[in-house]
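Undergrad: Next comes the structure file model.cif, holding mmCIF, C-alpha atoms (C1' of nucleotides).
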data_protein
loop_
_atom_site.group_PDB
_atom_site.id
_atom_site.type_symbol
_atom_site.label_atom_id
_atom_site.label_comp_id
_atom_site.auth_asym_id
_atom_site.auth_seq_id
_atom_site.Cartn_x
_atom_site.Cartn_y
_atom_site.Cartn_z
ATOM 1 C CA MET A 1275 8.814 3.272 -24.140
ATOM 2 C CA PRO A 1276 5.681 4.280 -25.961
ATOM 3 C CA ARG A 1277 4.708 7.907 -25.710
ATOM 4 C CA ASP A 1278 1.375 9.546 -26.146
ATOM 5 C CA VAL A 1279 1.118 11.127 -29.562
ATOM 6 C CA PHE A 1280 -0.989 14.039 -28.372
ATOM 7 C CA SER A 1281 1.566 14.929 -25.712
ATOM 8 C CA ALA A 1282 4.316 14.752 -28.269
ATOM 9 C CA LEU A 1283 2.412 17.223 -30.421
ATOM 10 C CA ALA A 1284 1.829 19.554 -27.479
ATOM 11 C CA ASP A 1285 5.202 21.206 -27.981
ATOM 12 C CA PRO A 1286 5.362 23.843 -30.747
ATOM 13 C CA THR A 1287 8.996 23.098 -31.547
ATOM 14 C CA ARG A 1288 8.172 19.460 -32.151
ATOM 15 C CA ARG A 1289 5.302 20.421 -34.411
ATOM 16 C CA GLN A 1290 7.631 22.633 -36.394
ATOM 17 C CA VAL A 1291 10.088 19.781 -36.683
ATOM 18 C CA LEU A 1292 7.361 17.640 -38.165
ATOM 19 C CA ASP A 1293 6.504 20.456 -40.555
ATOM 20 C CA LEU A 1294 10.097 20.475 -41.729
ATOM 21 C CA LEU A 1295 10.146 16.716 -42.082
ATOM 22 C CA SER A 1296 6.954 16.782 -44.065
ATOM 23 C CA ARG A 1297 8.924 18.272 -46.946
ATOM 24 C CA ARG A 1298 11.951 16.022 -46.817
ATOM 25 C CA GLU A 1299 13.968 13.959 -44.407
ATOM 26 C CA ARG A 1300 16.676 15.763 -42.503
ATOM 27 C CA ALA A 1301 19.680 14.968 -40.373
ATOM 28 C CA ALA A 1302 19.484 15.718 -36.667
ATOM 29 C CA GLY A 1303 22.027 18.492 -36.886
ATOM 30 C CA GLU A 1304 20.212 20.059 -39.778
ATOM 31 C CA LEU A 1305 17.063 20.176 -37.677
ATOM 32 C CA GLY A 1306 19.011 21.611 -34.784
ATOM 33 C CA ARG A 1307 20.359 24.434 -36.894
ATOM 34 C CA ALA A 1308 16.819 25.301 -37.918
ATOM 35 C CA PHE A 1309 16.140 26.239 -34.290
ATOM 36 C CA PRO A 1310 19.085 28.374 -33.198
ATOM 37 C CA HIS A 1311 17.605 29.157 -29.803
ATOM 38 C CA ILE A 1312 17.678 25.492 -28.848
ATOM 39 C CA SER A 1313 20.862 23.682 -27.920
ATOM 40 C CA GLN A 1314 21.989 20.534 -29.677
ATOM 41 C CA PRO A 1315 21.052 18.249 -26.776
ATOM 42 C CA GLY A 1316 17.736 20.045 -26.524
ATOM 43 C CA MET A 1317 16.874 19.197 -30.096
ATOM 44 C CA SER A 1318 18.165 15.678 -29.624
ATOM 45 C CA ARG A 1319 15.693 15.181 -26.821
ATOM 46 C CA HIS A 1320 12.812 16.576 -28.827
ATOM 47 C CA LEU A 1321 13.708 14.067 -31.491
ATOM 48 C CA ARG A 1322 13.682 11.336 -28.922
ATOM 49 C CA VAL A 1323 10.157 12.273 -27.857
ATOM 50 C CA LEU A 1324 9.059 12.167 -31.471
ATOM 51 C CA ARG A 1325 10.729 8.790 -31.889
ATOM 52 C CA GLU A 1326 9.098 7.342 -28.802
ATOM 53 C CA ALA A 1327 5.745 8.612 -29.996
ATOM 54 C CA GLY A 1328 6.313 6.840 -33.290
ATOM 55 C CA LEU A 1329 6.046 10.068 -35.236
ATOM 56 C CA VAL A 1330 9.442 9.809 -36.887
ATOM 57 C CA ARG A 1331 11.901 7.194 -38.027
ATOM 58 C CA VAL A 1332 15.650 7.346 -38.083
ATOM 59 C CA ARG A 1333 17.989 6.056 -40.698
ATOM 60 C CA GLN A 1334 21.694 6.079 -40.073
ATOM 61 C CA VAL A 1335 23.974 6.936 -42.947
ATOM 62 C CA ARG A 1336 27.614 7.288 -42.156
ATOM 63 C CA ARG A 1337 27.873 9.777 -39.341
ATOM 64 C CA HIS A 1338 24.408 11.170 -39.835
ATOM 65 C CA ARG A 1339 21.039 10.229 -38.468
ATOM 66 C CA TYR A 1340 18.342 11.115 -40.931
ATOM 67 C CA TYR A 1341 14.916 11.675 -39.502
ATOM 68 C CA SER A 1342 11.801 11.228 -41.558
ATOM 69 C CA LEU A 1343 8.118 11.361 -40.930
ATOM 70 C CA GLN A 1344 6.183 8.276 -39.872
ATOM 71 C CA THR A 1345 2.569 9.074 -40.446
ATOM 72 C CA ASP A 1346 0.745 6.153 -38.853
ATOM 73 C CA ARG A 1347 0.358 7.842 -35.501
ATOM 74 C CA LEU A 1348 -0.608 11.136 -37.062
ATOM 75 C CA ALA A 1349 -3.370 9.213 -38.760
ATOM 76 C CA GLU A 1350 -4.615 8.220 -35.327
ATOM 77 C CA VAL A 1351 -4.820 11.844 -34.305
ATOM 78 C CA ASP A 1352 -6.573 12.597 -37.539
ATOM 79 C CA ALA A 1353 -9.040 9.833 -36.782
ATOM 80 C CA TRP A 1354 -9.786 11.372 -33.417
ATOM 81 C CA ILE A 1355 -10.409 14.777 -34.912
ATOM 82 C CA ALA A 1356 -12.460 13.281 -37.700
ATOM 83 C CA LYS A 1357 -15.279 12.724 -35.234
ATOM 84 C CA TYR A 1358 -15.574 16.473 -34.871
ATOM 85 C CA ARG A 1359 -15.092 17.424 -38.467
ATOM 86 C CA GLY A 1360 -18.806 17.400 -39.143
ATOM 87 C CA PHE A 1361 -19.353 20.209 -36.691
ATOM 88 C CA TRP A 1362 -17.620 22.971 -38.521
ATOM 89 C CA ALA A 1363 -18.088 21.430 -41.929
ATOM 90 C CA THR A 1364 -21.838 21.824 -41.710
ATOM 91 C CA GLU A 1365 -21.649 25.366 -40.387
ATOM 92 C CA LEU A 1366 -23.367 24.129 -37.236
ATOM 93 C CA ASP A 1367 -21.167 26.166 -35.003
ATOM 94 C CA SER A 1368 -23.865 26.903 -32.497
ATOM 95 C CA LEU A 1369 -24.430 23.187 -31.971
ATOM 96 C CA GLU A 1370 -27.910 23.821 -30.687
ATOM 97 C CA ALA A 1371 -29.809 22.718 -33.739
ATOM 98 C CA TYR A 1372 -27.745 19.576 -33.962
ATOM 99 C CA LEU A 1373 -28.385 18.684 -30.368
ATOM 100 C CA ASP A 1374 -32.060 19.403 -30.574
ATOM 101 C CA ALA A 1375 -32.333 17.119 -33.554
ATOM 102 C CA ARG A 1376 -31.226 14.154 -31.433
ATOM 103 C CA PRO A 1377 -33.482 11.782 -29.485
ATOM 104 C CA ARG A 1378 -32.588 13.267 -26.089
ATOM 105 C CA PRO A 1379 -30.613 10.431 -24.417
ATOM 106 C CA ARG A 1380 -31.858 11.420 -20.955
ATOM 107 C CA LYS A 1381 -28.636 11.622 -19.006
ATOM 108 C CA ASP A 1382 -30.080 12.389 -15.586
ATOM 109 C CA ARG A 1383 -29.550 9.174 -13.680
ATOM 110 C CA PRO A 1384 -25.828 8.683 -12.852
ATOM 111 C CA ARG A 1385 -25.801 4.973 -13.536
ATOM 112 C CA MET B 670 -5.386 33.748 -20.661
ATOM 113 C CA PRO B 671 -5.108 32.004 -23.980
ATOM 114 C CA ARG B 672 -3.964 28.432 -23.864
ATOM 115 C CA ASP B 673 -2.395 26.318 -26.518
ATOM 116 C CA VAL B 674 -4.986 24.022 -28.039
ATOM 117 C CA PHE B 675 -2.532 21.181 -28.572
ATOM 118 C CA SER B 676 -1.492 21.233 -24.930
ATOM 119 C CA ALA B 677 -5.114 21.215 -23.886
ATOM 120 C CA LEU B 678 -5.641 18.109 -26.000
ATOM 121 C CA ALA B 679 -2.585 16.398 -24.549
ATOM 122 C CA ASP B 680 -4.531 15.113 -21.570
ATOM 123 C CA PRO B 681 -6.659 11.998 -22.175
ATOM 124 C CA THR B 682 -9.296 13.029 -19.657
ATOM 125 C CA ARG B 683 -9.824 16.309 -21.455
ATOM 126 C CA ARG B 684 -10.162 14.518 -24.770
ATOM 127 C CA GLN B 685 -12.801 12.260 -23.257
ATOM 128 C CA VAL B 686 -14.638 15.302 -21.972
ATOM 129 C CA LEU B 687 -14.716 16.686 -25.479
ATOM 130 C CA ASP B 688 -15.968 13.338 -26.716
ATOM 131 C CA LEU B 689 -18.830 13.546 -24.252
ATOM 132 C CA LEU B 690 -19.585 17.112 -25.227
ATOM 133 C CA SER B 691 -19.613 16.190 -28.879
ATOM 134 C CA ARG B 692 -22.878 14.379 -28.268
ATOM 135 C CA ARG B 693 -24.620 16.981 -26.169
ATOM 136 C CA GLU B 694 -23.877 19.778 -23.762
ATOM 137 C CA ARG B 695 -23.470 18.802 -20.137
ATOM 138 C CA ALA B 696 -23.331 20.462 -16.772
ATOM 139 C CA ALA B 697 -19.997 20.511 -14.973
ATOM 140 C CA GLY B 698 -21.153 18.109 -12.288
ATOM 141 C CA GLU B 699 -22.480 15.724 -14.869
ATOM 142 C CA LEU B 700 -19.050 15.652 -16.479
ATOM 143 C CA GLY B 701 -17.435 15.143 -13.118
ATOM 144 C CA ARG B 702 -19.605 12.138 -12.372
ATOM 145 C CA ALA B 703 -18.528 10.611 -15.668
ATOM 146 C CA PHE B 704 -14.999 10.384 -14.231
ATOM 147 C CA PRO B 705 -15.401 8.932 -10.745
ATOM 148 C CA HIS B 706 -11.669 8.665 -10.173
ATOM 149 C CA ILE B 707 -11.232 12.431 -10.445
ATOM 150 C CA SER B 708 -12.289 14.826 -7.721
ATOM 151 C CA GLN B 709 -14.686 17.673 -8.337
ATOM 152 C CA PRO B 710 -11.995 20.381 -8.259
ATOM 153 C CA GLY B 711 -9.873 18.218 -10.520
ATOM 154 C CA MET B 712 -12.551 18.181 -13.157
ATOM 155 C CA SER B 713 -13.198 21.867 -12.634
ATOM 156 C CA ARG B 714 -9.613 22.614 -13.508
ATOM 157 C CA HIS B 715 -9.711 20.441 -16.595
ATOM 158 C CA LEU B 716 -12.730 22.428 -17.668
ATOM 159 C CA ARG B 717 -10.860 25.621 -17.066
ATOM 160 C CA VAL B 718 -8.056 24.482 -19.331
ATOM 161 C CA LEU B 719 -10.571 23.646 -22.022
ATOM 162 C CA ARG B 720 -12.193 27.045 -21.569
ATOM 163 C CA GLU B 721 -8.895 28.898 -21.791
ATOM 164 C CA ALA B 722 -8.035 26.974 -24.914
ATOM 165 C CA GLY B 723 -11.333 28.052 -26.418
ATOM 166 C CA LEU B 724 -12.457 24.468 -26.867
ATOM 167 C CA VAL B 725 -15.658 24.810 -24.859
ATOM 168 C CA ARG B 726 -18.236 27.397 -23.946
ATOM 169 C CA VAL B 727 -20.176 27.770 -20.743
ATOM 170 C CA ARG B 728 -23.754 28.758 -20.323
ATOM 171 C CA GLN B 729 -25.125 29.377 -16.902
ATOM 172 C CA VAL B 730 -28.663 28.271 -16.189
ATOM 173 C CA ARG B 731 -29.838 28.629 -12.655
ATOM 174 C CA ARG B 732 -27.290 26.851 -10.533
ATOM 175 C CA HIS B 733 -25.785 24.871 -13.367
ATOM 176 C CA ARG B 734 -22.972 25.623 -15.745
ATOM 177 C CA TYR B 735 -23.546 23.877 -19.012
ATOM 178 C CA TYR B 736 -20.497 23.179 -21.103
ATOM 179 C CA SER B 737 -20.684 22.747 -24.833
ATOM 180 C CA LEU B 738 -18.218 22.264 -27.601
ATOM 181 C CA GLN B 739 -16.696 25.202 -29.420
ATOM 182 C CA THR B 740 -15.242 23.820 -32.580
ATOM 183 C CA ASP B 741 -13.288 26.760 -34.003
ATOM 184 C CA ARG B 742 -10.043 25.803 -32.316
ATOM 185 C CA LEU B 743 -10.467 22.145 -33.160
ATOM 186 C CA ALA B 744 -10.732 23.263 -36.738
ATOM 187 C CA GLU B 745 -7.302 24.849 -36.359
ATOM 188 C CA VAL B 746 -5.872 21.554 -35.206
ATOM 189 C CA ASP B 747 -7.574 19.855 -38.084
ATOM 190 C CA ALA B 748 -6.028 22.381 -40.431
ATOM 191 C CA TRP B 749 -2.587 21.560 -39.058
ATOM 192 C CA ILE B 750 -3.092 17.845 -39.539
ATOM 193 C CA ALA B 751 -4.558 18.383 -42.960
ATOM 194 C CA LYS B 752 -1.080 19.146 -44.259
ATOM 195 C CA TYR B 753 -0.112 15.569 -43.479
ATOM 196 C CA ARG B 754 -3.246 13.871 -44.639
ATOM 197 C CA GLY B 755 -1.843 13.283 -48.089
ATOM 198 C CA PHE B 756 0.871 11.063 -46.697
ATOM 199 C CA TRP B 757 -1.203 8.184 -45.492
ATOM 200 C CA ALA B 758 -3.923 8.811 -48.010
ATOM 201 C CA THR B 759 -1.613 8.006 -50.884
ATOM 202 C CA GLU B 760 -0.300 4.817 -49.299
ATOM 203 C CA LEU B 761 3.176 6.359 -49.275
ATOM 204 C CA ASP B 762 3.856 4.985 -45.857
ATOM 205 C CA SER B 763 7.422 4.000 -46.488
ATOM 206 C CA LEU B 764 8.261 7.500 -47.711
ATOM 207 C CA GLU B 765 11.333 6.154 -49.394
ATOM 208 C CA ALA B 766 9.997 6.333 -52.898
ATOM 209 C CA TYR B 767 8.909 9.865 -52.259
ATOM 210 C CA LEU B 768 12.268 10.909 -50.911
ATOM 211 C CA ASP B 769 14.272 9.140 -53.567
ATOM 212 C CA ALA B 770 12.351 11.013 -56.198
ATOM 213 C CA ARG B 771 13.838 14.235 -54.850
ATOM 214 C CA PRO B 772 17.137 15.880 -55.802
ATOM 215 C CA ARG B 773 19.215 14.699 -52.810
ATOM 216 C CA PRO B 774 19.567 17.699 -50.482
ATOM 217 C CA ARG B 775 23.354 17.162 -50.107
ATOM 218 C CA LYS B 776 23.618 18.180 -46.519
ATOM 219 C CA ASP B 777 27.319 17.656 -45.896
ATOM 220 C CA ARG B 778 28.612 21.194 -45.801
ATOM 221 C CA PRO B 779 27.252 22.939 -42.660
ATOM 222 C CA ARG B 780 27.027 26.420 -44.157
ATOM 223 C "C1'" DC C 663 -31.791 34.746 6.717
ATOM 224 C "C1'" DC C 664 -29.712 30.294 6.685
ATOM 225 C "C1'" DA C 665 -28.470 25.942 4.798
ATOM 226 C "C1'" DT C 666 -27.464 23.741 0.765
ATOM 227 C "C1'" DC C 667 -26.308 22.987 -3.919
ATOM 228 C "C1'" DG C 668 -23.107 23.571 -7.871
ATOM 229 C "C1'" DC C 669 -19.064 24.907 -9.065
ATOM 230 C "C1'" DA C 670 -14.680 27.579 -8.985
ATOM 231 C "C1'" DT C 671 -10.500 28.917 -6.765
ATOM 232 C "C1'" DA C 672 -6.633 28.539 -3.355
ATOM 233 C "C1'" DA C 673 -3.068 26.246 -1.237
ATOM 234 C "C1'" DC C 674 -0.266 22.455 -1.355
ATOM 235 C "C1'" DC C 675 2.279 18.385 -2.984
ATOM 236 C "C1'" DA C 676 4.386 14.895 -6.102
ATOM 237 C "C1'" DT C 677 5.821 14.054 -10.470
ATOM 238 C "C1'" DA C 678 6.793 15.297 -15.293
ATOM 239 C "C1'" DT C 679 8.741 18.220 -18.662
ATOM 240 C "C1'" DT C 680 12.091 21.353 -20.604
ATOM 241 C "C1'" DG C 681 16.192 23.533 -21.027
ATOM 242 C "C1'" DG C 682 21.087 23.919 -20.006
ATOM 243 C "C1'" DT C 683 26.152 22.171 -19.446
ATOM 244 C "C1'" DA C 684 29.091 18.513 -19.415
ATOM 245 C "C1'" DT C 685 30.151 14.070 -21.066
ATOM 246 C "C1'" DA C 686 29.814 9.669 -23.545
ATOM 247 C "C1'" DT C 687 29.705 7.033 -27.878
ATOM 248 C "C1'" DA C 688 30.225 5.986 -32.493
ATOM 249 C "C1'" DT C 689 32.076 7.020 -36.914
ATOM 250 C "C1'" DT C 690 35.329 9.027 -39.958
ATOM 251 C "C1'" DG C 691 39.536 11.436 -41.485
ATOM 252 C "C1'" DT C 692 44.542 11.927 -40.975
ATOM 253 C "C1'" DA D 222 46.242 5.970 -32.584
ATOM 254 C "C1'" DC D 223 44.223 10.464 -32.421
ATOM 255 C "C1'" DA D 224 41.395 14.355 -33.441
ATOM 256 C "C1'" DA D 225 37.155 15.832 -35.247
ATOM 257 C "C1'" DT D 226 32.349 15.209 -36.317
ATOM 258 C "C1'" DA D 227 27.561 13.918 -35.339
ATOM 259 C "C1'" DT D 228 24.481 12.740 -32.073
ATOM 260 C "C1'" DA D 229 22.880 10.873 -27.719
ATOM 261 C "C1'" DT D 230 22.816 10.548 -22.638
ATOM 262 C "C1'" DA D 231 23.551 12.094 -17.654
ATOM 263 C "C1'" DC D 232 22.741 15.234 -14.533
ATOM 264 C "C1'" DC D 233 20.704 19.304 -12.553
ATOM 265 C "C1'" DA D 234 17.701 23.491 -11.986
ATOM 266 C "C1'" DA D 235 13.408 25.739 -13.118
ATOM 267 C "C1'" DT D 236 8.908 25.412 -14.255
ATOM 268 C "C1'" DA D 237 4.623 23.083 -15.555
ATOM 269 C "C1'" DT D 238 1.130 19.694 -14.680
ATOM 270 C "C1'" DG D 239 -2.313 17.012 -12.340
ATOM 271 C "C1'" DG D 240 -4.186 15.628 -8.302
ATOM 272 C "C1'" DT D 241 -5.938 16.403 -3.466
ATOM 273 C "C1'" DT D 242 -8.179 18.864 0.461
ATOM 274 C "C1'" DA D 243 -10.041 23.074 2.142
ATOM 275 C "C1'" DT D 244 -12.484 27.061 1.201
ATOM 276 C "C1'" DG D 245 -15.107 30.730 -1.245
ATOM 277 C "C1'" DC D 246 -19.181 32.350 -3.538
ATOM 278 C "C1'" DG D 247 -23.319 32.985 -6.198
ATOM 279 C "C1'" DA D 248 -27.876 31.013 -6.634
ATOM 280 C "C1'" DT D 249 -31.830 28.575 -4.652
ATOM 281 C "C1'" DG D 250 -35.111 26.600 -1.378
ATOM 282 C "C1'" DG D 251 -37.178 26.590 3.109
#
Would you write the structure of this file as structure tokens?
TA:
Amino acid sequence: MPRDVFSALADPTRRQVLDLLSRRERAAGELGRAFPHISQPGMSRHLRVLREAGLVRVRQVRRHRYYSLQTDRLAEVDAWIAKYRGFWATELDSLEAYLDARPRPRKDRPR
Amino acid sequence: MPRDVFSALADPTRRQVLDLLSRRERAAGELGRAFPHISQPGMSRHLRVLREAGLVRVRQVRRHRYYSLQTDRLAEVDAWIAKYRGFWATELDSLEAYLDARPRPRKDRPR
DNA sequence: CCATCGCATAACCATATTGGTATATATTGT
DNA sequence: ACAATATATACCAATATGGTTATGCGATGG
């Protein structure tokens, strides 16, 4: 079933897995060995979450399952963040000037 | 205590709150009324998570607590995603060509 | 002062998530 | 056919999360 991409990224281990995959594809066991404090089934389930979120693909070759990055969904996250990029790009960290420059939408009445 | 920014972003309601704040600062109650299906304490706790993640600031004016965006941490998330931006930017969605151009990691022997 | 507003916290509950051990399944080597 | 390899699933305990109601508390208005 489809998973929320943001939730999938909420786990630091899963983000690190994606970091590894960003360099090259890797077999499940190879990924598991990169995180010695996590058991094999533990890693397998992290990979499942990433699969269900559409963040990775699997390709079976002989006995191995090679995971690789699927970037479409990451692009969605990037699109979400893009809305905010202007804030720090323009050094407008205090926000105040930006807000004051707007036409004051008048948000007093609830609906 | 410090919160993980990615976990804070994992909740859709909290992302919508940030979307609202990206336009202008808002009082807590104003934010609450924007989500009629969530109780006042519910929203208050979402705001706490956002505070602890450093994603918002609060400014108290008379009886109201005005929340506004704090973009530093979002910039961190953006920096993380930036590493992947090249993937979809270069139309290399299938990844295969990219991987095949590499020297075959030969991952048969465990260690 | 006292009531009320605006919001946070506390206490509680249901569900989700994460991690572990044990086990299943599929593929390959002998 | 059998053992070994590679990975996934089942099951369970511990904790985290998100929501609700009840309550606390500072600030304000009468």
Undergrad: Quick one: pull the distance between atom CA of Gly698 of chain B and atom C1' of DG668 of chain C, Å, one decimal.
TA: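 Between atom CA of Gly698 of chain B and atom C1' of DG668 of chain C the gap works out to 7.3 Å.
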Undergrad: Could you please select, counting all atoms listed in the file, the residues of chain C within 10 Å of chain B and state them as a compact mmCIF listing (two decimals) with C-alpha atoms (C1' of nucleotides), in the coordinates of the input?
TA:
# COMPACT_ATOMS: atom_id res chain seq x y z
C1' DC C 667 -26.31 22.99 -3.92
C1' DG C 668 -23.11 23.57 -7.87
C1' DC C 669 -19.06 24.91 -9.06
C1' DA C 670 -14.68 27.58 -8.98
C1' DT C 671 -10.50 28.92 -6.76
Undergrad: Assuming the chain letters and numbering stay as they are in my file, what does the PyMOL selection byres ((chain D) within 8 of (chain B)) actually select? List them as a list in words.
TA: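 Checking the PyMOL selection byres ((chain D) within 8 of (chain B)) against this file, the residues are DG239, DG240, DT241, DA248 and DT249 of chain D.
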Undergrad: Could you list, as a CSV table (one decimal) with C-alpha atoms, in the coordinates of the input, every residue of chain B that has an atom within 7 Å of an atom of chain A, counting only C-alpha atoms?
TA:
chain,number,residue,atom,x,y,z
B,675,PHE,CA,-2.5,21.2,-28.6
B,676,SER,CA,-1.5,21.2,-24.9
B,678,LEU,CA,-5.6,18.1,-26.0
B,679,ALA,CA,-2.6,16.4,-24.5
B,693,ARG,CA,-24.6,17.0,-26.2
B,740,THR,CA,-15.2,23.8,-32.6
B,747,ASP,CA,-7.6,19.9,-38.1
B,750,ILE,CA,-3.1,17.8,-39.5
B,756,PHE,CA,0.9,11.1,-46.7
B,757,TRP,CA,-1.2,8.2,-45.5
B,762,ASP,CA,3.9,5.0,-45.9
B,768,LEU,CA,12.3,10.9,-50.9
Undergrad: Name the residues in contact with DG250 of chain D at a cut-off of 12 Å, using all atoms listed in the file, excluding same-chain residues fewer than 5 positions from it; report them as a ChimeraX atom specification.
TA: /C:663-667
Undergrad: Report the residues retrieved by the PyMOL selection byres ((chain C and resi 685) around 8) from the displayed file, expressed as a list of chain:residue names.
TA: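 That expression, the PyMOL selection byres ((chain C and resi 685) around 8), corresponds here to C:DA684, C:DA686, D:DA231.
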Undergrad: Quick one: pull the distance between atom C1' of DA224 of chain D and atom C1' of DG691 of chain C, Å, one decimal.
TA: 8.8 Å
Undergrad: Edge lengths and centre in Å to one decimal, as JSON, of the axis-aligned box that encloses all listed atoms of segment 235-247 of chain D with 4 Å added on every side?
TA:
{"center_x": -5.0, "center_y": 24.3, "center_z": -6.7, "size_x": 44.7, "size_y": 25.4, "size_z": 25.7}
Undergrad: One decimal, Å: what's the distance from atom C1' of DA237 of chain D over to atom CA of Ala1353 of chain A, could you say?
TA: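 Atom-to-atom, atom C1' of DA237 of chain D and atom CA of Ala1353 of chain A are spaced 28.5 Å apart.
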Undergrad: Applied to the shown file, which residues does the PyMOL selection byres ((chain D and resi 243) around 9) return, written as number ranges by chain?
TA: C: 672-673; D: 242, 244
